[in-house]
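These notes concern the structure reproduced below.
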Amino acid sequence: MKFGIVRFPGSCDDVDALLAAERVGDATMLWHADRDLHGVDAVIVPGGFSYGDYLRAGAIARFAPVMEEVAEFARTGSLVLGICNGFQVLCEAGLLPGALLPNVSLRFVCRQVDLDVERAGTPFTRACEPDRPLSIPVKHTTGRYYAPEPDLDALEAAGQVLLRYAPGQNPNGSARDIAGVCNRAGNVFGLMPHPEHAVDPLTGSADGLSIFESMRAQVGDRIPA
Amino acid sequence: MRARVLVRPKAGILDPQGQAVERALPALGFSGVRNVHIGRLIELDVDDPAHLPEMCEKLLSNPLIEDYEIVETA
């Protein structure tokens, strides 16, 4: 099982994502100008400030050559995970519903939050224990999840809300406390918290590993070793 | 063709930047200010202004959260 981590100019959590993925499988870095995913089994679009976040967070990165490949990869049902800036990129690219707006506080937030696993058993949460929140850090200025009300109703009805900030812990004013959503098909997932920063008890929590473990298990089912 | 593209948050979407400025003005003695919203101004020279709407839809604005207005200036 090999993860590919997309590195844009301005990415900064790419190495942490690589190291986190290496705890559960093989991982390699992909360059934004690549037109080839080098045979990876799953793609991670990491956090940071791709292309300086000029115009809007993620707006320029979605036009990177590698994103055409990522979109095609997603269309074929392969797993794509977007973390923080990666979530913003996937929303801008239309691979995920909604958009991320500046935090209501207008401040950068950096803190550990509890996340309720709304749906365990999905390709990205199957290694999570139902009814046990994940302790994972957030660190962002533009993390307020937004979609029009009817779209939110449709997302909820279709089970696309996978993670929610625990009651009282919404750090950014996200609609309905949404921390992570997947696409209709369930193979593309984005979240603002950083599971790659929570993979070792030394730094406070290893709960983030369950997201990577879920992806490994899912790919393992699809492509027998 | 010189054009100006005005991008603003869609009506109804919480605009904390606009609110912060609206709250700051009375502190400077300017009363009677309401409905402050903050957007973005993009100026560009373009050979074919017919392309502007598509540019706005695809890149200059995010139609889910923003409205745009094209003003041709010269």
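Chain labels run A, B, ... following the order of the structure tokens; each chain numbers its residues from 1, and ligands are numbered from 1 in the order shown.
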Quick check: residues of chain A within 9 Å of chain B, only C-alpha atoms, returned as a short mmCIF file (atom, residue, chain, number, x, y, z; two decimals) with C-alpha atoms, in the first residue's frame.
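Generated file (result_5.cif):
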```
data_model
loop_
_atom_site.label_atom_id
_atom_site.label_comp_id
_atom_site.auth_asym_id
_atom_site.auth_seq_id
_atom_site.Cartn_x
_atom_site.Cartn_y
_atom_site.Cartn_z
CA LEU A 55 -6.81 35.01 -4.16
CA ARG A 56 -8.51 32.40 -1.91
CA ALA A 59 -7.95 28.58 -5.46
CA ILE A 60 -4.74 28.43 -7.49
CA GLU A 92 -12.19 24.65 -4.74
CA GLY A 98 -18.96 23.42 0.23
CA ALA A 99 -16.26 25.99 0.95
CA LEU A 101 -14.42 30.75 5.00
CA PRO A 102 -12.33 32.83 7.42
CA ASN A 103 -12.84 31.85 11.06
CA VAL A 104 -15.63 33.82 12.71
CA SER A 105 -13.05 35.06 15.26
CA LEU A 106 -10.84 36.29 12.39
CA TYR A 146 -19.94 26.60 4.76
CA ALA A 147 -22.55 25.26 2.40
CA PRO A 148 -26.05 26.60 1.72
#
```
task: Please identify which residues in range 31-166 of chain A DSSP calls alpha helix (DSSP H) from the backbone, and express them as an MDAnalysis selection string.
output: chainID A and resid 65:75 85:92 149:157
field: Neighbour list for range 45-51 of chain B as a list in words, cut-off 12 Å, only C-alpha atoms, skip fewer than 6 positions in-chain
entry: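 After dropping sequence-adjacent residues, the list is Met1, Arg2, Ala3, Arg4, Val5, Glu57, Lys58, Leu59, Leu60, Ile70, Val71, Glu72, Thr73 and Ala74 of chain B.
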Output file for the residues above (C-alpha atoms, as an mmCIF file, in the first residue's frame):
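Result file is part.cif:
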```cif
data_model
loop_
_atom_site.group_PDB
_atom_site.id
_atom_site.type_symbol
_atom_site.label_atom_id
_atom_site.label_comp_id
_atom_site.auth_asym_id
_atom_site.auth_seq_id
_atom_site.Cartn_x
_atom_site.Cartn_y
_atom_site.Cartn_z
ATOM 1 C CA MET B 1 -9.723 46.661 -22.430
ATOM 2 C CA ARG B 2 -9.286 47.714 -18.816
ATOM 3 C CA ALA B 3 -11.709 45.996 -16.483
ATOM 4 C CA ARG B 4 -12.436 45.961 -12.811
ATOM 5 C CA VAL B 5 -13.932 42.917 -11.114
ATOM 6 C CA GLU B 57 -16.842 31.798 -12.481
ATOM 7 C CA LYS B 58 -13.729 29.652 -12.684
ATOM 8 C CA LEU B 59 -11.130 31.545 -10.708
ATOM 9 C CA LEU B 60 -11.665 35.164 -9.711
ATOM 10 C CA ILE B 70 -17.653 43.302 -13.885
ATOM 11 C CA VAL B 71 -17.020 46.979 -14.570
ATOM 12 C CA GLU B 72 -15.340 47.904 -17.843
ATOM 13 C CA THR B 73 -13.348 51.046 -17.149
ATOM 14 C CA ALA B 74 -11.763 51.941 -20.494
#
```
query: range 5-215 of chain A: which residues are strand (DSSP E or B) by DSSP, as JSON, numbers by chain?
result: {"A": [5, 6, 7, 11, 26, 27, 28, 29, 30, 31, 42, 43, 44, 45, 48, 79, 80, 81, 82, 83, 99, 100, 101, 109, 110, 111, 112, 113, 114, 115, 116, 117, 134, 135, 136, 137, 138, 139, 140, 144, 145, 146, 161, 162, 163, 164, 165, 178, 179, 180, 181, 182, 188, 189, 190, 191, 200, 205]}
Selection: 8 Å around range 186-202 of chain A, only C-alpha atoms, excl. self and same-chain fewer than 4 positions, as a ChimeraX atom specification: /A:16-17,19-21,74,77-87,90,95-96,122-124,135-140,143,160,163,179-182,206-209,211
8 Å contact set for Arg7 in chain A, only C-alpha atoms, chain neighbours under 4 positions out, as number ranges by chain: A: 11, 14, 29-32, 45-46
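Among B:Leu41, B:Cys56, B:Val36, B:Ala27, the residue with the shortest atom-to-atom distance to Ala11 in chain B, counting only C-alpha atoms, is B:Val36.
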task: Between CA of Gly52 in chain A and CA of Met215 in chain A, measure the distance and give it in Å to one decimal.
output: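 CA of Gly52 in chain A sits 28.9 Å away from CA of Met215 in chain A.
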field: Interatomic distance, CA of Pro133 in chain A to CA of Asp114 in chain A (Å, one decimal)
entry: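 Here the two named atoms are 5.8 Å from each other.
From CA of Ser210 in chain A back to CA of Val15 in chain A, the distance works out to 18.3 Å.
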